[in-house]
>>> print(open('input_7.pdb').read())   # PDB, C-alpha atoms and all ligand atoms
ATOM      1  CA  MET A  20      21.965   7.189   9.769
ATOM      2  CA  GLU A  21      24.203   4.107   9.582
ATOM      3  CA  GLU A  22      24.214   3.613  13.349
ATOM      4  CA  LYS A  23      20.417   4.071  13.473
ATOM      5  CA  ILE A  24      20.067   1.371  10.792
ATOM      6  CA  ALA A  25      22.443  -0.913  12.703
ATOM      7  CA  SER A  26      20.545  -0.539  15.995
ATOM      8  CA  LEU A  27      17.178  -1.078  14.268
ATOM      9  CA  ARG A  28      18.626  -4.184  12.590
ATOM     10  CA  ASP A  29      19.725  -5.459  16.030
ATOM     11  CA  VAL A  30      16.170  -4.969  17.344
ATOM     12  CA  LEU A  31      14.797  -6.838  14.296
ATOM     13  CA  LYS A  32      17.190  -9.745  14.887
ATOM     14  CA  GLU A  33      15.804 -10.215  18.417
ATOM     15  CA  ALA A  34      12.161 -10.255  17.271
ATOM     16  CA  ASP A  35      10.185 -13.223  16.010
ATOM     17  CA  ARG A  36       6.997 -11.232  15.263
ATOM     18  CA  VAL A  37       7.661  -8.347  12.864
ATOM     19  CA  ALA A  38       5.117  -6.332  10.847
ATOM     20  CA  ALA A  39       5.619  -3.825   8.054
ATOM     21  CA  LEU A  40       3.046  -1.226   7.004
ATOM     22  CA  THR A  41       3.750   0.233   3.562
ATOM     23  CA  GLY A  42       2.326   3.140   1.569
ATOM     24  CA  ALA A  43       2.803   4.705  -1.840
ATOM     25  CA  GLY A  44       6.335   5.853  -0.951
ATOM     26  CA  ILE A  45       7.708   2.303  -1.198
ATOM     27  CA  SER A  46       6.652   2.192  -4.867
ATOM     28  CA  ALA A  47       7.853   5.723  -5.684
ATOM     29  CA  GLU A  48      11.319   4.505  -6.784
ATOM     30  CA  SER A  49       9.587   2.060  -9.123
ATOM     31  CA  GLY A  50       8.092   5.093 -10.857
ATOM     32  CA  VAL A  51       4.567   4.898  -9.393
ATOM     33  CA  PRO A  52       3.281   8.400  -8.485
ATOM     34  CA  THR A  53       2.454   8.836  -4.801
ATOM     35  CA  PHE A  54      -0.859  10.313  -3.687
ATOM     36  CA  ARG A  55       0.220  13.497  -2.031
ATOM     37  CA  GLY A  56       3.329  14.386  -3.924
ATOM     38  CA  ASP A  57       2.748  16.933  -6.706
ATOM     39  CA  GLU A  58       3.335  14.164  -9.247
ATOM     40  CA  GLY A  59       0.213  12.512  -7.782
ATOM     41  CA  LEU A  60      -2.025  14.446 -10.163
ATOM     42  CA  TRP A  61      -3.881  13.085 -13.183
ATOM     43  CA  ARG A  62      -5.358  15.618 -15.653
ATOM     44  CA  ASN A  63      -5.465  18.098 -12.727
ATOM     45  CA  TYR A  64      -7.480  15.657 -10.665
ATOM     46  CA  ARG A  65      -6.378  14.438  -7.253
ATOM     47  CA  ALA A  66      -6.754  10.706  -6.625
ATOM     48  CA  THR A  67      -8.951  11.593  -3.654
ATOM     49  CA  ASP A  68     -11.414  13.257  -6.117
ATOM     50  CA  LEU A  69     -11.682  10.162  -8.309
ATOM     51  CA  ALA A  70     -11.167   7.238  -5.909
ATOM     52  CA  THR A  71     -14.664   7.661  -4.429
ATOM     53  CA  PRO A  72     -18.028   5.926  -4.934
ATOM     54  CA  GLN A  73     -19.589   9.335  -5.651
ATOM     55  CA  ALA A  74     -17.196   9.979  -8.548
ATOM     56  CA  PHE A  75     -17.902   6.486  -9.931
ATOM     57  CA  ALA A  76     -21.673   6.980  -9.636
ATOM     58  CA  ARG A  77     -21.437  10.396 -11.285
ATOM     59  CA  ASP A  78     -19.005   9.516 -14.092
ATOM     60  CA  PRO A  79     -17.879   5.855 -14.210
ATOM     61  CA  GLU A  80     -16.150   6.361 -17.557
ATOM     62  CA  LEU A  81     -13.895   9.137 -16.136
ATOM     63  CA  VAL A  82     -13.039   6.957 -13.130
ATOM     64  CA  TRP A  83     -12.238   4.049 -15.468
ATOM     65  CA  GLU A  84     -10.004   6.352 -17.550
ATOM     66  CA  PHE A  85      -8.138   7.200 -14.316
ATOM     67  CA  TYR A  86      -7.747   3.538 -13.369
ATOM     68  CA  ASN A  87      -6.740   2.507 -16.885
ATOM     69  CA  TRP A  88      -4.069   5.240 -16.766
ATOM     70  CA  ARG A  89      -2.748   3.739 -13.498
ATOM     71  CA  ARG A  90      -3.014   0.141 -14.831
ATOM     72  CA  GLU A  91      -1.111   1.148 -17.960
ATOM     73  CA  LEU A  92       1.596   2.920 -15.913
ATOM     74  CA  ILE A  93       1.965   0.173 -13.307
ATOM     75  CA  SER A  94       2.029  -2.573 -15.978
ATOM     76  CA  LYS A  95       5.262  -0.959 -17.228
ATOM     77  CA  VAL A  96       7.082  -0.767 -13.872
ATOM     78  CA  THR A  97       8.414  -3.386 -11.507
ATOM     79  CA  TYR A  98       9.340  -3.854  -7.872
ATOM     80  CA  ASN A  99      12.389  -2.081  -6.431
ATOM     81  CA  PRO A 100      15.054  -3.034  -3.815
ATOM     82  CA  ALA A 101      12.735  -1.983  -0.957
ATOM     83  CA  HIS A 102      10.047  -4.477  -2.064
ATOM     84  CA  ARG A 103      12.699  -7.172  -2.468
ATOM     85  CA  ALA A 104      14.193  -6.459   0.970
ATOM     86  CA  LEU A 105      10.787  -7.127   2.563
ATOM     87  CA  VAL A 106      10.640 -10.479   0.718
ATOM     88  CA  GLU A 107      14.056 -11.264   2.248
ATOM     89  CA  LEU A 108      12.810 -10.179   5.681
ATOM     90  CA  GLU A 109       9.832 -12.549   5.314
ATOM     91  CA  ARG A 110      12.330 -15.344   4.548
ATOM     92  CA  ILE A 111      14.507 -14.722   7.635
ATOM     93  CA  VAL A 112      11.884 -13.714  10.206
ATOM     94  CA  PRO A 113       9.369 -16.555  10.659
ATOM     95  CA  GLY A 114       6.607 -14.339  12.077
ATOM     96  CA  PHE A 115       6.783 -11.577   9.454
ATOM     97  CA  THR A 116       3.573 -10.051   8.065
ATOM     98  CA  LEU A 117       3.360  -7.283   5.461
ATOM     99  CA  ILE A 118       0.377  -4.926   5.560
ATOM    100  CA  THR A 119       0.134  -2.654   2.528
ATOM    101  CA  GLN A 120      -2.083   0.320   1.671
ATOM    102  CA  ASN A 121      -0.902   0.080  -1.921
ATOM    103  CA  VAL A 122      -3.054  -1.420  -4.639
ATOM    104  CA  ASP A 123      -0.254  -1.649  -7.241
ATOM    105  CA  GLY A 124       0.447  -5.357  -6.631
ATOM    106  CA  LEU A 125       4.235  -4.782  -6.557
ATOM    107  CA  HIS A 126       4.702  -6.614  -3.231
ATOM    108  CA  LEU A 127       3.096  -9.751  -4.747
ATOM    109  CA  LEU A 128       5.207  -9.359  -7.890
ATOM    110  CA  ALA A 129       8.354  -9.081  -5.741
ATOM    111  CA  GLY A 130       7.491 -12.372  -4.001
ATOM    112  CA  SER A 131       5.835 -11.329  -0.720
ATOM    113  CA  ARG A 132       3.408 -13.993   0.418
ATOM    114  CA  ASN A 133       2.356 -13.188   3.984
ATOM    115  CA  LEU A 134       0.645 -10.032   2.715
ATOM    116  CA  ILE A 135      -2.514  -8.139   3.734
ATOM    117  CA  GLU A 136      -3.715  -5.736   0.991
ATOM    118  CA  ILE A 137      -5.965  -3.544   3.128
ATOM    119  CA  HIS A 138      -7.074  -1.275   0.259
ATOM    120  CA  GLY A 139      -7.503  -4.035  -2.323
ATOM    121  CA  ASN A 140      -5.635  -4.595  -5.556
ATOM    122  CA  LEU A 141      -5.757  -2.665  -8.831
ATOM    123  CA  TRP A 142      -5.531  -5.919 -10.875
ATOM    124  CA  LYS A 143      -8.758  -7.242  -9.352
ATOM    125  CA  VAL A 144     -12.154  -6.103 -10.618
ATOM    126  CA  ARG A 145     -15.548  -6.593  -8.959
ATOM    127  CA  CYS A 146     -18.986  -6.708 -10.576
ATOM    128  CA  THR A 147     -21.258  -3.977  -9.194
ATOM    129  CA  LYS A 148     -24.240  -6.324  -9.703
ATOM    130  CA  CYS A 149     -23.272  -9.908  -8.790
ATOM    131  CA  ARG A 150     -20.103  -8.936  -6.866
ATOM    132  CA  GLU A 151     -17.989 -11.551  -8.684
ATOM    133  CA  ILE A 152     -14.281 -10.718  -8.211
ATOM    134  CA  THR A 153     -11.849 -11.560 -11.018
ATOM    135  CA  LEU A 154      -8.151 -10.969 -11.620
ATOM    136  CA  ASP A 155      -7.629  -9.095 -14.878
ATOM    137  CA  ARG A 156      -4.155  -7.981 -15.896
ATOM    138  CA  SER A 157      -5.117  -6.102 -19.065
ATOM    139  CA  PRO A 158      -3.726  -2.536 -18.851
ATOM    140  CA  ASP A 159      -6.804  -1.087 -20.529
ATOM    141  CA  MET A 160     -10.234  -2.440 -19.507
ATOM    142  CA  GLY A 161     -12.137   0.107 -21.559
ATOM    143  CA  THR A 162     -14.351   2.711 -19.862
ATOM    144  CA  SER A 163     -17.395   0.540 -19.128
ATOM    145  CA  PRO A 164     -16.186  -3.062 -18.761
ATOM    146  CA  GLU A 165     -18.946  -5.636 -18.284
ATOM    147  CA  CYS A 166     -19.142  -8.706 -16.067
ATOM    148  CA  LYS A 167     -18.857 -11.940 -18.100
ATOM    149  CA  LEU A 168     -21.370 -13.629 -15.786
ATOM    150  CA  CYS A 169     -24.199 -11.100 -15.595
ATOM    151  CA  GLY A 170     -23.283  -8.147 -17.818
ATOM    152  CA  GLY A 171     -23.102  -5.808 -14.823
ATOM    153  CA  LEU A 172     -20.667  -2.863 -14.775
ATOM    154  CA  LEU A 173     -17.268  -3.795 -13.336
ATOM    155  CA  ARG A 174     -15.375  -1.571 -10.876
ATOM    156  CA  PRO A 175     -11.820  -1.738  -9.524
ATOM    157  CA  HIS A 176     -11.674  -4.029  -6.462
ATOM    158  CA  VAL A 177     -10.118  -1.336  -4.308
ATOM    159  CA  VAL A 178     -11.353   0.538  -1.216
ATOM    160  CA  TRP A 179     -12.363   4.077  -2.214
ATOM    161  CA  PHE A 180     -12.355   7.086   0.086
ATOM    162  CA  GLY A 181     -15.566   7.021   2.075
ATOM    163  CA  GLU A 182     -15.827   3.234   1.746
ATOM    164  CA  SER A 183     -15.222   0.875   4.634
ATOM    165  CA  LEU A 184     -12.393  -1.593   4.529
ATOM    166  CA  ASP A 185     -13.302  -5.289   4.474
ATOM    167  CA  PRO A 186     -13.951  -5.928   8.192
ATOM    168  CA  ASP A 187     -12.160  -9.311   8.224
ATOM    169  CA  ILE A 188      -9.097  -7.881   6.502
ATOM    170  CA  LEU A 189      -9.054  -4.880   8.850
ATOM    171  CA  GLN A 190      -9.409  -7.138  11.895
ATOM    172  CA  GLN A 191      -6.505  -9.280  10.653
ATOM    173  CA  ALA A 192      -4.365  -6.145  10.169
ATOM    174  CA  ILE A 193      -5.242  -4.851  13.658
ATOM    175  CA  ALA A 194      -4.487  -8.212  15.286
ATOM    176  CA  THR A 195      -1.148  -8.421  13.445
ATOM    177  CA  SER A 196      -0.270  -4.865  14.523
ATOM    178  CA  LYS A 197      -1.198  -5.533  18.159
ATOM    179  CA  ALA A 198       0.815  -8.769  18.280
ATOM    180  CA  CYS A 199       4.039  -7.667  16.604
ATOM    181  CA  GLN A 200       7.208  -6.786  18.517
ATOM    182  CA  VAL A 201       8.527  -4.474  15.787
ATOM    183  CA  MET A 202       6.623  -2.520  13.114
ATOM    184  CA  LEU A 203       8.363  -0.898  10.158
ATOM    185  CA  VAL A 204       6.202   1.947   8.767
ATOM    186  CA  ILE A 205       7.524   2.562   5.264
ATOM    187  CA  GLY A 206       6.626   5.241   2.700
ATOM    188  CA  THR A 207       3.332   6.501   4.061
ATOM    189  CA  SER A 208       2.268  10.019   5.022
ATOM    190  CA  SER A 209       0.200   8.389   7.785
ATOM    191  CA  VAL A 210      -2.872  10.556   7.115
ATOM    192  CA  VAL A 211      -5.241   7.961   5.640
ATOM    193  CA  GLN A 212      -7.394   6.245   8.225
ATOM    194  CA  PRO A 213      -7.870   3.594   9.477
ATOM    195  CA  ALA A 214      -4.526   2.409   8.008
ATOM    196  CA  ALA A 215      -2.505   5.064   9.823
ATOM    197  CA  SER A 216      -3.851   3.931  13.188
ATOM    198  CA  LEU A 217      -2.232   0.503  12.756
ATOM    199  CA  ALA A 218       1.082   2.007  13.883
ATOM    200  CA  LEU A 219      -0.659   3.232  17.043
ATOM    201  CA  GLU A 220      -2.037  -0.290  17.591
ATOM    202  CA  ALA A 221       1.502  -1.664  17.344
ATOM    203  CA  LYS A 222       2.827   0.964  19.746
ATOM    204  CA  SER A 223       0.059   0.304  22.278
ATOM    205  CA  GLY A 224       0.820  -3.397  21.948
ATOM    206  CA  GLY A 225       4.336  -2.671  23.159
ATOM    207  CA  ALA A 226       6.089  -2.876  19.784
ATOM    208  CA  VAL A 227       9.122  -0.897  18.733
ATOM    209  CA  VAL A 228       7.909   1.290  15.828
ATOM    210  CA  ALA A 229      10.217   2.623  13.133
ATOM    211  CA  GLU A 230       9.322   5.101  10.398
ATOM    212  CA  ILE A 231      11.226   4.948   7.112
ATOM    213  CA  ASN A 232      10.078   7.883   5.016
ATOM    214  CA  LEU A 233      11.410  10.727   2.874
ATOM    215  CA  GLU A 234       9.930  13.323   5.218
ATOM    216  CA  SER A 235       8.540  13.471   8.743
ATOM    217  CA  THR A 236       4.857  12.708   9.233
ATOM    218  CA  PRO A 237       2.241  13.331  11.965
ATOM    219  CA  HIS A 238       3.375  10.018  13.457
ATOM    220  CA  SER A 239       7.113  10.836  13.582
ATOM    221  CA  PRO A 240       6.980  12.167  17.173
ATOM    222  CA  PHE A 241       5.940   8.826  18.641
ATOM    223  CA  MET A 242       8.257   6.642  16.598
ATOM    224  CA  ASP A 243      11.151   4.865  18.362
ATOM    225  CA  PHE A 244      13.203   5.217  15.171
ATOM    226  CA  THR A 245      12.768   7.762  12.373
ATOM    227  CA  LEU A 246      14.947   7.035   9.344
ATOM    228  CA  HIS A 247      14.514   9.810   6.784
ATOM    229  CA  GLY A 248      15.584   8.884   3.303
ATOM    230  CA  LYS A 249      14.654   6.691   0.361
ATOM    231  CA  ALA A 250      13.063   3.320   1.123
ATOM    232  CA  GLY A 251      15.031   1.757  -1.751
ATOM    233  CA  GLU A 252      18.276   2.703   0.020
ATOM    234  CA  ILE A 253      17.346   2.180   3.692
ATOM    235  CA  VAL A 254      15.228  -1.003   3.746
ATOM    236  CA  PRO A 255      17.813  -3.205   1.948
ATOM    237  CA  LYS A 256      20.422  -2.137   4.555
ATOM    238  CA  LEU A 257      18.167  -3.514   7.312
ATOM    239  CA  VAL A 258      18.464  -7.046   5.911
ATOM    240  CA  GLU A 259      22.075  -6.873   4.705
ATOM    241  CA  ASN A 260      24.834  -8.583   6.792
ATOM    242  CA  TRP A 261      22.124 -10.009   8.984
ATOM    243  CA  ALA A 262      24.196 -12.960  10.251
TER     244      ALA A 262
HETATM  245  C1  LIG B 301     -13.206   4.995   5.803
HETATM  246  C2  LIG B 301      -7.269   2.647  -2.779
HETATM  247  C3  LIG B 301     -15.319   5.460   6.559
HETATM  248  C4  LIG B 301      -7.785   3.480  -3.889
HETATM  249  C5  LIG B 301      -6.915   4.187  -0.929
HETATM  250  C6  LIG B 301     -12.471  13.768   5.663
HETATM  251  C7  LIG B 301     -13.298  13.685   4.567
HETATM  252  C8  LIG B 301     -13.586  12.459   3.941
HETATM  253  C9  LIG B 301     -13.053  11.276   4.444
HETATM  254  C10 LIG B 301     -12.213  11.382   5.540
HETATM  255  C11 LIG B 301     -11.922  12.592   6.148
HETATM  256  N1  LIG B 301     -11.055  12.353   7.175
HETATM  257  C12 LIG B 301     -10.795  11.036   7.247
HETATM  258  C13 LIG B 301     -11.516  10.434   6.281
HETATM  259  C14 LIG B 301     -11.560   9.030   6.027
HETATM  260  C15 LIG B 301     -10.697   8.718   4.803
HETATM  261  C16 LIG B 301      -9.329   9.344   4.912
HETATM  262  O1  LIG B 301      -8.504   8.874   5.680
HETATM  263  N2  LIG B 301      -9.104  10.416   4.135
HETATM  264  C17 LIG B 301      -7.818  11.074   4.146
HETATM  265  C18 LIG B 301      -7.577  11.700   2.767
HETATM  266  C19 LIG B 301      -7.815  12.130   5.257
HETATM  267  N3  LIG B 301     -10.553   7.285   4.862
HETATM  268  C20 LIG B 301     -11.435   6.555   4.203
HETATM  269  O2  LIG B 301     -12.332   6.996   3.505
HETATM  270  C21 LIG B 301     -11.293   5.059   4.426
HETATM  271  N4  LIG B 301     -12.568   4.545   4.751
HETATM  272  O3  LIG B 301     -12.734   5.754   6.612
HETATM  273  O4  LIG B 301     -14.466   4.564   5.857
HETATM  274  C22 LIG B 301     -16.490   4.671   6.843
HETATM  275  C23 LIG B 301     -16.621   4.135   8.117
HETATM  276  C24 LIG B 301     -17.731   3.422   8.392
HETATM  277  C25 LIG B 301     -18.716   3.235   7.405
HETATM  278  C26 LIG B 301     -18.543   3.767   6.117
HETATM  279  C27 LIG B 301     -17.423   4.483   5.830
HETATM  280  C28 LIG B 301     -10.813   4.382   3.157
HETATM  281  C29 LIG B 301      -9.423   4.860   2.842
HETATM  282  C30 LIG B 301      -8.895   4.031   1.680
HETATM  283  C31 LIG B 301      -8.783   4.913   0.471
HETATM  284  N5  LIG B 301      -8.170   4.149  -0.624
HETATM  285  N6  LIG B 301      -6.399   3.463  -1.938
HETATM  286  C32 LIG B 301      -6.724   3.667  -4.936
HETATM  287  O5  LIG B 301      -5.529   3.647  -4.586
HETATM  288  O6  LIG B 301      -7.100   3.851  -6.093
HETATM  289  S1  LIG B 301      -5.885   5.103   0.025
HETATM  290  C33 LIG B 301      -4.588   5.668  -0.920
HETATM  291  O7  LIG B 301      -3.881   6.560  -0.060
HETATM  292  C34 LIG B 301      -3.556   4.624  -1.294
HETATM  293  O8  LIG B 301      -3.877   3.320  -0.873
HETATM  294  C35 LIG B 301      -2.307   5.122  -0.548
HETATM  295  O9  LIG B 301      -1.448   4.129  -0.171
HETATM  296  C36 LIG B 301      -2.992   5.713   0.611
HETATM  297  C37 LIG B 301      -2.268   6.437   1.649
HETATM  298  O10 LIG B 301      -1.422   7.344   1.060
HETATM  299  P1  LIG B 301       0.134   7.026   1.251
HETATM  300  O11 LIG B 301       0.365   5.591   0.921
HETATM  301  O12 LIG B 301       0.558   7.487   2.598
HETATM  302  O13 LIG B 301       0.760   7.874   0.114
HETATM  303  P2  LIG B 301       1.119   9.421   0.205
HETATM  304  O14 LIG B 301       1.370   9.909  -1.171
HETATM  305  O15 LIG B 301       0.116  10.102   1.080
HETATM  306  O16 LIG B 301       2.497   9.430   1.031
HETATM  307  C38 LIG B 301       3.646   8.860   0.470
HETATM  308  C39 LIG B 301       4.719   9.048   1.517
HETATM  309  O17 LIG B 301       5.893   8.405   1.043
HETATM  310  C40 LIG B 301       5.063  10.508   1.731
HETATM  311  O18 LIG B 301       5.189  10.764   3.118
HETATM  312  C41 LIG B 301       6.408  10.674   1.029
HETATM  313  O19 LIG B 301       7.261  11.594   1.698
HETATM  314  C42 LIG B 301       6.990   9.293   1.142
HETATM  315  N7  LIG B 301       7.892   8.925   0.066
HETATM  316  C43 LIG B 301       7.870   9.334  -1.234
HETATM  317  N8  LIG B 301       8.891   8.748  -1.901
HETATM  318  C44 LIG B 301       9.546   7.954  -1.015
HETATM  319  C45 LIG B 301       8.923   8.064   0.238
HETATM  320  N9  LIG B 301       9.354   7.408   1.325
HETATM  321  C46 LIG B 301      10.441   6.627   1.184
HETATM  322  N10 LIG B 301      11.099   6.457   0.012
HETATM  323  C47 LIG B 301      10.688   7.109  -1.102
HETATM  324  N11 LIG B 301      11.364   6.948  -2.252
HETATM  325 ZN    ZN B 302     -21.795  -9.796 -12.533
END
>>> encode(input="input_7.pdb", output="structure tokens")
Amino acid sequence: MEEKIASLRDVLKEADRVAALTGAGISAESGVPTFRGDEGLWRNYRATDLATPQAFARDPELVWEFYNWRRELISKVTYNPAHRALVELERIVPGFTLITQNVDGLHLLAGSRNLIEIHGNLWKVRCTKCREITLDRSPDMGTSPECKLCGGLLRPHVVWFGESLDPDILQQAIATSKACQVMLVIGTSSVVQPAASLALEAKSGGAVVAEINLESTPHSPFMDFTLHGKAGEIVPKLVENWA
């Protein structure tokens, strides 16, 4: 593992355009449940059952209970060494861009700035009537929060399953993936689309792609590097003794 990390670090040092694509696994060591691990359940529901427009239309209060549970949990945790290492990478590599599938806001909290949140952000809410987007950090928004402007029902400003990603944000993520020379794919099972295809975009753009994940994924076979282990242990080693 050490020599793999050292050779990936050498590749990173040569690059001036580096991208990272992160998933729930990078926040696991902060204590945030991942989606597909068995701890990803809430009251016997799977996130994929509740993070959908159909579930919200059918029972908005249940969906708000689910999101308040996540807001409460995430308000009590913080970033971990893997998040911090990506902030350090952004400092040393001028052309670094971070693309995250996560909505927990931990990359922002850790200090990442050149960040594309392709699935939105849990701390933002959007009015279902006037579409006003506001940042609200309260852990519990109640089960039918109302828009201050028009009284409409608020919803989490995240992309649900079955919903399209914001086209501009997706285009920006695709362009970044195509243009990078190295892509680090960290803590994602690479099953959710279109996010998972960003690694393929990077590969087809000629980038070196590296997977840092606890287990192998459907994308492992085409990775140039597969580093299996904890993100909180591996990612910091990529930026240590850089000089
Ligand atoms: C779209 C916001 C269509 C919400 C999220 C069949 C039926 C229905 C739909 C589909 C289908 N097949 C494909 C689809 C499309 C669907 C999809 O991909 N479904 C999946 C389930 C197959 N995609 C969509 O619906 C997308 N939209 O396609 O639009 C469309 C097109 C045109 C017009 C109209 C519509 C929208 C997808 C976005 C969904 N929203 N989040 C919220 O979070 O509340 S996605 C959600 O899953 C999170 O963002 C999460 O990040 C993401 C992906 O999961 P991962 O991040 O990979 O997390 P996971 O638990 O899976 O894996 C964690 C990994 O980390 C594991 O491998 C684990 O081993 C590893 N790990 C754990 N600990 C560590 C670690 N690694 C390192 N260190 C550790 N310590
Ligand atoms: Zn409104």
>>> closest_residue(input="input_7.pdb", among="A:Val106, A:Ala66, A:Leu168, A:Ala38", to="ligand LIG 301 (chain B)", atoms="all atoms listed in the file")
A:Ala66
>>> residues_near_ligand(input="input_7.pdb", ligand="ligand ZN 302 (chain B)", cutoff="8 Å", atoms="only C-alpha atoms and all ligand atoms", output="ChimeraX atom specification")
/A:145-151,165-173
>>> closest_residue(input="input_7.pdb", among="A:Glu136, A:Ile45, A:Glu80, A:Asn232", to="Asn99 (chain A)", atoms="only C-alpha atoms")
A:Ile45
>>> residues_near_ligand(input="input_7.pdb", ligand="ligand LIG 301 (chain B)", cutoff="8 Å", atoms="all atoms listed in the file", output="PDB file with C-alpha atoms, keeping the file's coordinate frame")
ATOM      1  CA  THR A  41       3.750   0.233   3.562  1.00  0.00           C
ATOM      2  CA  GLY A  42       2.326   3.140   1.569  1.00  0.00           C
ATOM      3  CA  ALA A  43       2.803   4.705  -1.840  1.00  0.00           C
ATOM      4  CA  GLY A  44       6.335   5.853  -0.951  1.00  0.00           C
ATOM      5  CA  ILE A  45       7.708   2.303  -1.198  1.00  0.00           C
ATOM      6  CA  SER A  46       6.652   2.192  -4.867  1.00  0.00           C
ATOM      7  CA  ALA A  47       7.853   5.723  -5.684  1.00  0.00           C
ATOM      8  CA  GLU A  48      11.319   4.505  -6.784  1.00  0.00           C
ATOM      9  CA  PRO A  52       3.281   8.400  -8.485  1.00  0.00           C
ATOM     10  CA  THR A  53       2.454   8.836  -4.801  1.00  0.00           C
ATOM     11  CA  PHE A  54      -0.859  10.313  -3.687  1.00  0.00           C
ATOM     12  CA  ARG A  55       0.220  13.497  -2.031  1.00  0.00           C
ATOM     13  CA  GLY A  56       3.329  14.386  -3.924  1.00  0.00           C
ATOM     14  CA  GLY A  59       0.213  12.512  -7.782  1.00  0.00           C
ATOM     15  CA  ALA A  66      -6.754  10.706  -6.625  1.00  0.00           C
ATOM     16  CA  THR A  67      -8.951  11.593  -3.654  1.00  0.00           C
ATOM     17  CA  ALA A  70     -11.167   7.238  -5.909  1.00  0.00           C
ATOM     18  CA  TYR A  86      -7.747   3.538 -13.369  1.00  0.00           C
ATOM     19  CA  THR A 119       0.134  -2.654   2.528  1.00  0.00           C
ATOM     20  CA  GLN A 120      -2.083   0.320   1.671  1.00  0.00           C
ATOM     21  CA  ASN A 121      -0.902   0.080  -1.921  1.00  0.00           C
ATOM     22  CA  VAL A 122      -3.054  -1.420  -4.639  1.00  0.00           C
ATOM     23  CA  ASP A 123      -0.254  -1.649  -7.241  1.00  0.00           C
ATOM     24  CA  HIS A 138      -7.074  -1.275   0.259  1.00  0.00           C
ATOM     25  CA  GLY A 139      -7.503  -4.035  -2.323  1.00  0.00           C
ATOM     26  CA  ASN A 140      -5.635  -4.595  -5.556  1.00  0.00           C
ATOM     27  CA  LEU A 141      -5.757  -2.665  -8.831  1.00  0.00           C
ATOM     28  CA  VAL A 177     -10.118  -1.336  -4.308  1.00  0.00           C
ATOM     29  CA  VAL A 178     -11.353   0.538  -1.216  1.00  0.00           C
ATOM     30  CA  TRP A 179     -12.363   4.077  -2.214  1.00  0.00           C
ATOM     31  CA  PHE A 180     -12.355   7.086   0.086  1.00  0.00           C
ATOM     32  CA  GLY A 181     -15.566   7.021   2.075  1.00  0.00           C
ATOM     33  CA  GLU A 182     -15.827   3.234   1.746  1.00  0.00           C
ATOM     34  CA  SER A 183     -15.222   0.875   4.634  1.00  0.00           C
ATOM     35  CA  LEU A 184     -12.393  -1.593   4.529  1.00  0.00           C
ATOM     36  CA  ILE A 205       7.524   2.562   5.264  1.00  0.00           C
ATOM     37  CA  GLY A 206       6.626   5.241   2.700  1.00  0.00           C
ATOM     38  CA  THR A 207       3.332   6.501   4.061  1.00  0.00           C
ATOM     39  CA  SER A 208       2.268  10.019   5.022  1.00  0.00           C
ATOM     40  CA  SER A 209       0.200   8.389   7.785  1.00  0.00           C
ATOM     41  CA  VAL A 210      -2.872  10.556   7.115  1.00  0.00           C
ATOM     42  CA  VAL A 211      -5.241   7.961   5.640  1.00  0.00           C
ATOM     43  CA  GLN A 212      -7.394   6.245   8.225  1.00  0.00           C
ATOM     44  CA  PRO A 213      -7.870   3.594   9.477  1.00  0.00           C
ATOM     45  CA  ALA A 214      -4.526   2.409   8.008  1.00  0.00           C
ATOM     46  CA  ILE A 231      11.226   4.948   7.112  1.00  0.00           C
ATOM     47  CA  ASN A 232      10.078   7.883   5.016  1.00  0.00           C
ATOM     48  CA  LEU A 233      11.410  10.727   2.874  1.00  0.00           C
ATOM     49  CA  GLU A 234       9.930  13.323   5.218  1.00  0.00           C
ATOM     50  CA  SER A 235       8.540  13.471   8.743  1.00  0.00           C
ATOM     51  CA  THR A 236       4.857  12.708   9.233  1.00  0.00           C
ATOM     52  CA  HIS A 247      14.514   9.810   6.784  1.00  0.00           C
ATOM     53  CA  GLY A 248      15.584   8.884   3.303  1.00  0.00           C
ATOM     54  CA  LYS A 249      14.654   6.691   0.361  1.00  0.00           C
ATOM     55  CA  ALA A 250      13.063   3.320   1.123  1.00  0.00           C
ATOM     56  CA  GLY A 251      15.031   1.757  -1.751  1.00  0.00           C
TER      57      GLY A 251
END
>>> atom_distance(input="input_7.pdb", atom1="CA of Arg89 (chain A)", atom2="CA of Tyr64 (chain A)")
13.1 Å
>>> residues_around(input="input_7.pdb", residues="region 189-195 of chain A", least_positions_apart="2", cutoff="9 Å", atoms="all atoms listed in the file", output="ChimeraX atom specification")
/A:36-38,116,118,135,137,184-187,197-199,213-214,216-217,220-221
>>> resolve_selection(input="input_7.pdb", expression="the PyMOL selection byres (((chain A and resi 83) around 10) and not hetatm)", output="PyMOL selection string")
chain A and resi 69+75+78-82+84-89+159-164+173-175
>>> write_last_selection(input="input_7.pdb", atoms="C-alpha atoms", output="short mmCIF file (atom, residue, chain, number, x, y, z; two decimals), in the frame of the given file")
data_model
loop_
_atom_site.label_atom_id
_atom_site.label_comp_id
_atom_site.auth_asym_id
_atom_site.auth_seq_id
_atom_site.Cartn_x
_atom_site.Cartn_y
_atom_site.Cartn_z
CA LEU A 69 -11.68 10.16 -8.31
CA PHE A 75 -17.90 6.49 -9.93
CA ASP A 78 -19.00 9.52 -14.09
CA PRO A 79 -17.88 5.86 -14.21
CA GLU A 80 -16.15 6.36 -17.56
CA LEU A 81 -13.90 9.14 -16.14
CA VAL A 82 -13.04 6.96 -13.13
CA GLU A 84 -10.00 6.35 -17.55
CA PHE A 85 -8.14 7.20 -14.32
CA TYR A 86 -7.75 3.54 -13.37
CA ASN A 87 -6.74 2.51 -16.89
CA TRP A 88 -4.07 5.24 -16.77
CA ARG A 89 -2.75 3.74 -13.50
CA ASP A 159 -6.80 -1.09 -20.53
CA MET A 160 -10.23 -2.44 -19.51
CA GLY A 161 -12.14 0.11 -21.56
CA THR A 162 -14.35 2.71 -19.86
CA SER A 163 -17.40 0.54 -19.13
CA PRO A 164 -16.19 -3.06 -18.76
CA LEU A 173 -17.27 -3.80 -13.34
CA ARG A 174 -15.38 -1.57 -10.88
CA PRO A 175 -11.82 -1.74 -9.52
#
